[in-house]
Amino acid sequence: MKIRILSITFLLLCMSLLTQAQEQEGIRFFTGTFDEALAQAKAEDKVLFVDFYATWCGPCKRIAREVFPQKEVGDYFNSRFISIQLDAEAEPNVEVAKRYNVAAYPTLAFIKNDGKAISIITGGVDVKSLLEEAKIAMGEVIGFATLYEMYKKDNDDLELQQTLLTQAPSFLAAQEGMDAERWMVRLRKLYREYITKKMGPSLINKQDYMIINNLGGDDRDLQAQVLDYMVKELPQWLENVGDPVAYYIIEHNDDRMEELAKNGDPAYKELLEKIKGEYKDAYAVVPSSEVSPYEKSKMYYDGLFALYRNQDADQYIALQQQYFDALGSALTPNDYGQAAQNLYYAIGDKLQPKHHRVAISWLTEALKGDNPIADRINFLVMIGDSHKRLGEYDEAQKYYNQGFAESYQLEDAEMLQQMIQATIIRKTSELELLRD
């Protein structure tokens with residue numbers, strides 16, 4: 001009897017869990033190919049929703065785990081869309097991803113059942129933003145083009161401008177050719193107008209930060225003004241928006257220092273000093289270590305300056321090794337790859353044998369990372385080049401051969417594949433001449 005009671009209890013528990021799961025059902029994803037999903041959307045007169053993901057993509061997994069299963073998302077999507085998830089790096093999805101300009105993950109696309117994109121969103125979303133994008137795609141919320149016409153009639157409405165600029169990235173991603181160019185010109189003008197009017201306390205909010213982060217890269221003068229304002233009012237920015245603002249300041253200061261150092265312009269030192277001055281609070285968000293952000297940055301950018309301005313590979317290597325030591329557990333294979341590339345780009349044929357040995361060791365470490373295939377081939381070819389300069393022709397041939405073999409993985413980028421293979425064939429022919 002006890003077994004019978006236990007079985008009934010277990011059955012009731014299963015039924016309860018099943019009912020709960022049904023009540024919390026999220027998006028029901030179509031099983032099949034893109035073309036089959038598009039045909040199903042056409043048959044049901046629905047819009048197609050595509051989640052382009054990659055198996056290694058963390059944000060993709062978070063959305064799949066935390067956003068798509070939500071009941072309110074499922075309630076909205078299941079009645080209006082045919083939804084499908086596509087691994088964009090797997091055949092036969094590569095061509096589909098190229099068609100919709102998928103360049104980062106996750107990419108979420110709303111597509112008419114004739115195959116034309118309505119809007120394309122790149123990056124992570126939460127429940128609220130996903131539903132907003134879906135409603136825009138369905139025409140339940142005023143679309144971008146209509147909003148722009150409203151703005152032309154009333155260009156003093158900052159709330160309307162904010163809505164336009166918030167929607168701009170997904171709208172632009174769905175445009176092609178001359179249409180994309182025209183809209184970019186319009187939006188650059190609108191962005192400058194909006195930021196100039198709002199520069200002050202009313203700009204310090206999450207929505208405007210996202211607008212700055214997504215659209216603020218083209219106008220360097222305005223970007224400098226925004227950075228100065230972020231630094232000046234950083235405590236309020238951190239309170240209202242959080243650490244991303246500090247990382248935004250760091251990223252743009254670092255990019256500018258690198259540009260100046262590589263151009264041999266000592267003005268990078270002025271920005272370097274800001275790390276322990278007016279930018280100190282921004283750099284303070286970086287996890288602490290025994291070496292300060294200023295000291296690490298000084299090693300890195302002084303090294304770049306010595307390499308590009310003075311062609312001093314010895315000083316660069318010494319400073320770069322100190323920089324690697326300072327990074328500690330934060331050191332990645334990509335750091336080694338970038339360091340080796342700088343040696344090649346800055347000096348190239350002037351590298352001495354000892355420098356080639358260092359480059360080979362750095363690139364060997366770089367190959368241990370999970371690199372895009374084009375980067376990996378580049379590392380292999382550079383190792384081959386160094387062995388060739390050292391007179392180690394068999395070793396050079398081995399790395400050229402490996403690079404050539406791995407280039408077959410670029411079959412979805414035929415032109416790039418052909419260029420790489422032609423380059424490696426030329427290098428291999430040069431080896432044969434050197435052997436003779």
# chains A, B, ... in the order shown; residues from 1 in each chain; ligands from 1

call {"tool": "residues_around", "arguments": {"residues": "stretch 107-109 of chain A", "least_positions_apart": "6", "cutoff": "10 Å", "atoms": "only C-alpha atoms", "output": "number ranges by chain"}}
result
A: 48-54, 60, 83, 85, 88, 97, 100-101, 117-125, 130, 133-134, 137, 170, 173-174

call {"tool": "residues_around", "arguments": {"residues": "A:His355", "least_positions_apart": "5", "cutoff": "10 Å", "atoms": "only C-alpha atoms", "output": "compact mmCIF listing (two decimals) with N, CA, C and O atoms, in the first residue's frame"}}
result
# COMPACT_ATOMS: atom_id res chain seq x y z
N ALA A 313 63.27 47.75 -30.63
CA ALA A 313 62.61 46.48 -30.30
C ALA A 313 63.04 45.97 -28.94
O ALA A 313 62.25 45.36 -28.22
N ASP A 314 64.30 46.20 -28.56
CA ASP A 314 64.78 45.71 -27.27
C ASP A 314 64.01 46.34 -26.12
O ASP A 314 63.58 45.65 -25.19
N ILE A 317 60.37 45.02 -26.08
CA ILE A 317 60.25 43.66 -25.54
C ILE A 317 60.40 43.67 -24.02
O ILE A 317 59.65 42.99 -23.30
N ALA A 340 53.14 40.48 -30.53
CA ALA A 340 53.94 39.99 -31.67
C ALA A 340 53.58 40.77 -32.94
O ALA A 340 54.46 41.15 -33.72
N LEU A 343 55.40 44.01 -33.16
CA LEU A 343 56.79 43.86 -33.60
C LEU A 343 56.89 43.81 -35.11
O LEU A 343 57.73 44.48 -35.73
N TYR A 344 56.04 43.00 -35.73
CA TYR A 344 56.07 42.84 -37.18
C TYR A 344 55.66 44.13 -37.89
O TYR A 344 56.28 44.54 -38.86
N LYS A 350 63.46 44.70 -40.24
CA LYS A 350 64.58 45.15 -39.41
C LYS A 350 64.74 44.34 -38.13
O LYS A 350 65.67 44.58 -37.35
N ILE A 360 58.35 34.39 -32.01
CA ILE A 360 57.89 32.99 -32.13
C ILE A 360 57.31 32.50 -30.81
O ILE A 360 56.26 31.85 -30.77
N SER A 361 57.99 32.84 -29.70
CA SER A 361 57.50 32.38 -28.39
C SER A 361 56.16 33.03 -28.05
O SER A 361 55.26 32.37 -27.52
N SER A 386 59.12 34.20 -39.40
CA SER A 386 60.27 34.32 -38.50
C SER A 386 61.25 33.17 -38.70
O SER A 386 62.47 33.38 -38.74

call {"tool": "residues_around", "arguments": {"residues": "A:Gly26", "least_positions_apart": "3", "cutoff": "10 Å", "atoms": "only C-alpha atoms", "output": "PyMOL selection string"}}
result
chain A and resi 21-23+29+67-78

call {"tool": "write_last_selection", "arguments": {"atoms": "N, CA, C and O atoms", "output": "tab-separated table (two decimals), in the first residue's frame"}}
result
chain	number	residue	atom	x	y	z
A	21	ALA	N	5.06	24.15	-15.82
A	21	ALA	CA	5.88	24.37	-17.01
A	21	ALA	C	5.04	24.93	-18.14
A	21	ALA	O	5.47	25.82	-18.88
A	22	GLN	N	3.79	24.38	-18.28
A	22	GLN	CA	2.92	24.87	-19.34
A	22	GLN	C	2.52	26.32	-19.11
A	22	GLN	O	2.45	27.12	-20.03
A	23	GLU	N	2.28	26.65	-17.81
A	23	GLU	CA	1.89	28.02	-17.48
A	23	GLU	C	3.03	29.00	-17.75
A	23	GLU	O	2.81	30.16	-18.05
A	29	PHE	N	10.14	27.51	-30.32
A	29	PHE	CA	11.01	27.66	-31.48
A	29	PHE	C	10.75	26.58	-32.52
A	29	PHE	O	10.60	25.39	-32.19
A	67	VAL	N	15.55	34.95	-20.81
A	67	VAL	CA	14.60	35.81	-21.50
A	67	VAL	C	13.57	35.02	-22.30
A	67	VAL	O	12.36	35.17	-22.11
A	68	PHE	N	14.03	34.17	-23.21
A	68	PHE	CA	13.11	33.43	-24.08
A	68	PHE	C	12.10	32.56	-23.33
A	68	PHE	O	10.96	32.42	-23.77
A	69	PRO	N	12.45	31.98	-22.16
A	69	PRO	CA	11.47	31.11	-21.47
A	69	PRO	C	10.39	31.87	-20.71
A	69	PRO	O	9.46	31.23	-20.19
A	70	GLN	N	10.46	33.19	-20.61
A	70	GLN	CA	9.49	33.93	-19.81
A	70	GLN	C	8.10	33.88	-20.44
A	70	GLN	O	7.94	34.00	-21.64
A	71	LYS	N	7.09	33.72	-19.58
A	71	LYS	CA	5.72	33.56	-20.06
A	71	LYS	C	5.25	34.76	-20.88
A	71	LYS	O	4.63	34.59	-21.94
A	72	GLU	N	5.54	35.98	-20.41
A	72	GLU	CA	5.06	37.16	-21.15
A	72	GLU	C	5.71	37.26	-22.53
A	72	GLU	O	5.10	37.73	-23.49
A	73	VAL	N	6.96	36.77	-22.64
A	73	VAL	CA	7.63	36.75	-23.94
A	73	VAL	C	6.96	35.70	-24.83
A	73	VAL	O	6.65	35.98	-26.00
A	74	GLY	N	6.73	34.51	-24.28
A	74	GLY	CA	6.08	33.47	-25.05
A	74	GLY	C	4.68	33.86	-25.50
A	74	GLY	O	4.28	33.61	-26.64
A	75	ASP	N	3.92	34.48	-24.61
A	75	ASP	CA	2.55	34.90	-24.94
A	75	ASP	C	2.54	35.84	-26.13
A	75	ASP	O	1.67	35.75	-27.01
A	76	TYR	N	3.51	36.75	-26.17
A	76	TYR	CA	3.53	37.73	-27.26
A	76	TYR	C	4.07	37.10	-28.55
A	76	TYR	O	3.47	37.24	-29.63
A	77	PHE	N	5.17	36.40	-28.45
A	77	PHE	CA	5.84	35.90	-29.65
A	77	PHE	C	5.08	34.75	-30.32
A	77	PHE	O	5.00	34.69	-31.55
A	78	ASN	N	4.55	33.83	-29.53
A	78	ASN	CA	3.96	32.62	-30.12
A	78	ASN	C	2.72	32.93	-30.96
A	78	ASN	O	2.40	32.16	-31.87

call {"tool": "select_by_dssp", "arguments": {"residues": "stretch 48-275 of chain A", "states": "alpha helix (DSSP H)", "output": "ChimeraX atom specification"}}
result
/A:58-66,71-80,93-99,127-137,144-153,158-173,177-198,206-215,220-232,234-240,244-262,268-274

call {"tool": "residues_around", "arguments": {"residues": "A:Glu239", "least_positions_apart": "5", "cutoff": "10 Å", "atoms": "only C-alpha atoms", "output": "list in words"}}
result
Ile204, Asn205 and Leu234 of chain A

call {"tool": "residues_around", "arguments": {"residues": "A:Ala339", "least_positions_apart": "6", "cutoff": "9 Å", "atoms": "only C-alpha atoms", "output": "PyMOL selection string"}}
result
chain A and resi 317+320+359+362-363

call {"tool": "write_last_selection", "arguments": {"atoms": "C-alpha atoms", "output": "PDB file, in the first residue's frame"}}
result
ATOM      1  CA  ILE A 317      60.254  43.660 -25.544  1.00  0.00           C
ATOM      2  CA  GLN A 320      56.112  44.346 -22.805  1.00  0.00           C
ATOM      3  CA  ALA A 359      58.045  36.771 -31.598  1.00  0.00           C
ATOM      4  CA  TRP A 362      54.736  34.993 -28.114  1.00  0.00           C
ATOM      5  CA  LEU A 363      52.861  33.670 -31.144  1.00  0.00           C
TER       6      LEU A 363
END

call {"tool": "closest_residue", "arguments": {"among": "A:Met184, A:Met299, A:Ile347, A:Ala282", "to": "A:Asp228", "atoms": "only C-alpha atoms"}}
result
A:Ala282

call {"tool": "atom_distance", "arguments": {"atom1": "atom CA of A:Phe379", "atom2": "atom CA of A:Asn342"}}
result
12.2 Å

call {"tool": "atom_distance", "arguments": {"atom1": "atom CA of A:Ile383", "atom2": "atom CA of A:Ser429"}}
result
16.7 Å

call {"tool": "select_by_dssp", "arguments": {"residues": "stretch 88-327 of chain A", "states": "strand (DSSP E or B)", "output": "PyMOL selection string"}}
result
chain A and resi 107-111+117-122

call {"tool": "residues_around", "arguments": {"residues": "A:Val141", "least_positions_apart": "4", "cutoff": "8 Å", "atoms": "only C-alpha atoms", "output": "count of residues only"}}
result
3

call {"tool": "closest_residue", "arguments": {"among": "A:Val231, A:Leu410, A:Leu390, A:Ala180", "to": "A:Pro353", "atoms": "only C-alpha atoms"}}
result
A:Leu390

call {"tool": "decode", "arguments": {"residues": "stretch 252-283 of chain A", "atoms": "N, CA, C and O atoms", "output": "PDB file, in the first residue's frame"}}
result
ATOM      1  N   HIS A 252      38.061  54.682 -24.193  1.00  0.00           N
ATOM      2  CA  HIS A 252      38.363  55.760 -25.132  1.00  0.00           C
ATOM      3  C   HIS A 252      39.685  56.447 -24.820  1.00  0.00           C
ATOM      4  O   HIS A 252      40.399  56.862 -25.739  1.00  0.00           O
ATOM      5  N   ASN A 253      40.042  56.531 -23.559  1.00  0.00           N
ATOM      6  CA  ASN A 253      41.353  57.089 -23.221  1.00  0.00           C
ATOM      7  C   ASN A 253      42.463  56.151 -23.700  1.00  0.00           C
ATOM      8  O   ASN A 253      43.468  56.593 -24.269  1.00  0.00           O
ATOM      9  N   ASP A 254      42.273  54.852 -23.489  1.00  0.00           N
ATOM     10  CA  ASP A 254      43.272  53.864 -23.929  1.00  0.00           C
ATOM     11  C   ASP A 254      43.413  53.861 -25.453  1.00  0.00           C
ATOM     12  O   ASP A 254      44.523  53.792 -25.985  1.00  0.00           O
ATOM     13  N   ASP A 255      42.290  53.929 -26.156  1.00  0.00           N
ATOM     14  CA  ASP A 255      42.346  53.938 -27.626  1.00  0.00           C
ATOM     15  C   ASP A 255      43.121  55.158 -28.133  1.00  0.00           C
ATOM     16  O   ASP A 255      43.911  55.052 -29.079  1.00  0.00           O
ATOM     17  N   ARG A 256      42.870  56.290 -27.521  1.00  0.00           N
ATOM     18  CA  ARG A 256      43.549  57.524 -27.944  1.00  0.00           C
ATOM     19  C   ARG A 256      45.043  57.447 -27.630  1.00  0.00           C
ATOM     20  O   ARG A 256      45.876  57.866 -28.457  1.00  0.00           O
ATOM     21  N   MET A 257      45.406  56.913 -26.463  1.00  0.00           N
ATOM     22  CA  MET A 257      46.828  56.768 -26.121  1.00  0.00           C
ATOM     23  C   MET A 257      47.529  55.848 -27.115  1.00  0.00           C
ATOM     24  O   MET A 257      48.650  56.123 -27.556  1.00  0.00           O
ATOM     25  N   GLU A 258      46.872  54.752 -27.469  1.00  0.00           N
ATOM     26  CA  GLU A 258      47.485  53.814 -28.412  1.00  0.00           C
ATOM     27  C   GLU A 258      47.687  54.457 -29.778  1.00  0.00           C
ATOM     28  O   GLU A 258      48.740  54.286 -30.407  1.00  0.00           O
ATOM     29  N   GLU A 259      46.690  55.196 -30.223  1.00  0.00           N
ATOM     30  CA  GLU A 259      46.797  55.875 -31.510  1.00  0.00           C
ATOM     31  C   GLU A 259      47.974  56.852 -31.518  1.00  0.00           C
ATOM     32  O   GLU A 259      48.775  56.887 -32.470  1.00  0.00           O
ATOM     33  N   LEU A 260      48.097  57.651 -30.467  1.00  0.00           N
ATOM     34  CA  LEU A 260      49.171  58.637 -30.391  1.00  0.00           C
ATOM     35  C   LEU A 260      50.538  57.967 -30.290  1.00  0.00           C
ATOM     36  O   LEU A 260      51.496  58.373 -30.971  1.00  0.00           O
ATOM     37  N   ALA A 261      50.648  56.930 -29.450  1.00  0.00           N
ATOM     38  CA  ALA A 261      51.937  56.246 -29.268  1.00  0.00           C
ATOM     39  C   ALA A 261      52.397  55.605 -30.576  1.00  0.00           C
ATOM     40  O   ALA A 261      53.580  55.674 -30.935  1.00  0.00           O
ATOM     41  N   LYS A 262      51.471  54.982 -31.298  1.00  0.00           N
ATOM     42  CA  LYS A 262      51.836  54.341 -32.566  1.00  0.00           C
ATOM     43  C   LYS A 262      52.195  55.362 -33.642  1.00  0.00           C
ATOM     44  O   LYS A 262      52.935  55.052 -34.576  1.00  0.00           O
ATOM     45  N   ASN A 263      51.661  56.562 -33.517  1.00  0.00           N
ATOM     46  CA  ASN A 263      52.010  57.631 -34.458  1.00  0.00           C
ATOM     47  C   ASN A 263      53.290  58.357 -34.049  1.00  0.00           C
ATOM     48  O   ASN A 263      53.701  59.331 -34.702  1.00  0.00           O
ATOM     49  N   GLY A 264      53.901  57.906 -32.952  1.00  0.00           N
ATOM     50  CA  GLY A 264      55.131  58.545 -32.482  1.00  0.00           C
ATOM     51  C   GLY A 264      54.906  59.911 -31.886  1.00  0.00           C
ATOM     52  O   GLY A 264      55.813  60.752 -31.860  1.00  0.00           O
ATOM     53  N   ASP A 265      53.697  60.157 -31.389  1.00  0.00           N
ATOM     54  CA  ASP A 265      53.344  61.464 -30.826  1.00  0.00           C
ATOM     55  C   ASP A 265      53.450  61.395 -29.302  1.00  0.00           C
ATOM     56  O   ASP A 265      52.686  60.674 -28.643  1.00  0.00           O
ATOM     57  N   PRO A 266      54.386  62.134 -28.701  1.00  0.00           N
ATOM     58  CA  PRO A 266      54.557  62.088 -27.245  1.00  0.00           C
ATOM     59  C   PRO A 266      53.363  62.624 -26.466  1.00  0.00           C
ATOM     60  O   PRO A 266      53.342  62.541 -25.231  1.00  0.00           O
ATOM     61  N   ALA A 267      52.349  63.164 -27.149  1.00  0.00           N
ATOM     62  CA  ALA A 267      51.165  63.667 -26.450  1.00  0.00           C
ATOM     63  C   ALA A 267      50.429  62.563 -25.704  1.00  0.00           C
ATOM     64  O   ALA A 267      49.606  62.852 -24.828  1.00  0.00           O
ATOM     65  N   TYR A 268      50.744  61.282 -26.012  1.00  0.00           N
ATOM     66  CA  TYR A 268      50.104  60.185 -25.271  1.00  0.00           C
ATOM     67  C   TYR A 268      50.414  60.283 -23.782  1.00  0.00           C
ATOM     68  O   TYR A 268      49.633  59.832 -22.932  1.00  0.00           O
ATOM     69  N   LYS A 269      51.570  60.902 -23.454  1.00  0.00           N
ATOM     70  CA  LYS A 269      51.979  61.008 -22.051  1.00  0.00           C
ATOM     71  C   LYS A 269      51.033  61.907 -21.256  1.00  0.00           C
ATOM     72  O   LYS A 269      50.855  61.700 -20.044  1.00  0.00           O
ATOM     73  N   GLU A 270      50.433  62.888 -21.919  1.00  0.00           N
ATOM     74  CA  GLU A 270      49.475  63.759 -21.231  1.00  0.00           C
ATOM     75  C   GLU A 270      48.248  62.951 -20.800  1.00  0.00           C
ATOM     76  O   GLU A 270      47.721  63.142 -19.698  1.00  0.00           O
ATOM     77  N   LEU A 271      47.782  62.069 -21.678  1.00  0.00           N
ATOM     78  CA  LEU A 271      46.645  61.213 -21.337  1.00  0.00           C
ATOM     79  C   LEU A 271      47.039  60.183 -20.285  1.00  0.00           C
ATOM     80  O   LEU A 271      46.224  59.813 -19.446  1.00  0.00           O
ATOM     81  N   LEU A 272      48.274  59.732 -20.346  1.00  0.00           N
ATOM     82  CA  LEU A 272      48.780  58.777 -19.361  1.00  0.00           C
ATOM     83  C   LEU A 272      48.732  59.374 -17.958  1.00  0.00           C
ATOM     84  O   LEU A 272      48.316  58.707 -16.995  1.00  0.00           O
ATOM     85  N   GLU A 273      49.118  60.636 -17.857  1.00  0.00           N
ATOM     86  CA  GLU A 273      49.118  61.298 -16.548  1.00  0.00           C
ATOM     87  C   GLU A 273      47.696  61.443 -15.991  1.00  0.00           C
ATOM     88  O   GLU A 273      47.504  61.484 -14.771  1.00  0.00           O
ATOM     89  N   LYS A 274      46.715  61.516 -16.882  1.00  0.00           N
ATOM     90  CA  LYS A 274      45.329  61.645 -16.421  1.00  0.00           C
ATOM     91  C   LYS A 274      44.866  60.421 -15.633  1.00  0.00           C
ATOM     92  O   LYS A 274      43.918  60.502 -14.853  1.00  0.00           O
ATOM     93  N   ILE A 275      45.521  59.273 -15.864  1.00  0.00           N
ATOM     94  CA  ILE A 275      45.116  58.037 -15.167  1.00  0.00           C
ATOM     95  C   ILE A 275      45.301  58.189 -13.663  1.00  0.00           C
ATOM     96  O   ILE A 275      44.538  57.620 -12.878  1.00  0.00           O
ATOM     97  N   LYS A 276      46.295  58.939 -13.261  1.00  0.00           N
ATOM     98  CA  LYS A 276      46.471  59.153 -11.811  1.00  0.00           C
ATOM     99  C   LYS A 276      45.989  60.541 -11.402  1.00  0.00           C
ATOM    100  O   LYS A 276      46.216  60.973 -10.276  1.00  0.00           O
ATOM    101  N   GLY A 277      45.323  61.216 -12.333  1.00  0.00           N
ATOM    102  CA  GLY A 277      44.766  62.528 -12.053  1.00  0.00           C
ATOM    103  C   GLY A 277      43.261  62.518 -12.197  1.00  0.00           C
ATOM    104  O   GLY A 277      42.560  61.834 -11.452  1.00  0.00           O
ATOM    105  N   GLU A 278      42.757  63.231 -13.214  1.00  0.00           N
ATOM    106  CA  GLU A 278      41.311  63.389 -13.331  1.00  0.00           C
ATOM    107  C   GLU A 278      40.571  62.096 -13.699  1.00  0.00           C
ATOM    108  O   GLU A 278      39.372  61.986 -13.468  1.00  0.00           O
ATOM    109  N   TYR A 279      41.279  61.099 -14.289  1.00  0.00           N
ATOM    110  CA  TYR A 279      40.637  59.833 -14.638  1.00  0.00           C
ATOM    111  C   TYR A 279      40.812  58.761 -13.557  1.00  0.00           C
ATOM    112  O   TYR A 279      40.417  57.616 -13.739  1.00  0.00           O
ATOM    113  N   LYS A 280      41.392  59.134 -12.451  1.00  0.00           N
ATOM    114  CA  LYS A 280      41.735  58.160 -11.407  1.00  0.00           C
ATOM    115  C   LYS A 280      40.518  57.379 -10.923  1.00  0.00           C
ATOM    116  O   LYS A 280      40.567  56.151 -10.770  1.00  0.00           O
ATOM    117  N   ASP A 281      39.407  58.059 -10.699  1.00  0.00           N
ATOM    118  CA  ASP A 281      38.213  57.386 -10.182  1.00  0.00           C
ATOM    119  C   ASP A 281      37.620  56.425 -11.214  1.00  0.00           C
ATOM    120  O   ASP A 281      37.028  55.405 -10.846  1.00  0.00           O
ATOM    121  N   ALA A 282      37.767  56.746 -12.486  1.00  0.00           N
ATOM    122  CA  ALA A 282      37.273  55.830 -13.526  1.00  0.00           C
ATOM    123  C   ALA A 282      38.111  54.557 -13.542  1.00  0.00           C
ATOM    124  O   ALA A 282      37.576  53.440 -13.531  1.00  0.00           O
ATOM    125  N   TYR A 283      39.421  54.697 -13.535  1.00  0.00           N
ATOM    126  CA  TYR A 283      40.306  53.525 -13.571  1.00  0.00           C
ATOM    127  C   TYR A 283      40.219  52.718 -12.273  1.00  0.00           C
ATOM    128  O   TYR A 283      40.625  51.550 -12.244  1.00  0.00           O
TER     129      TYR A 283
END
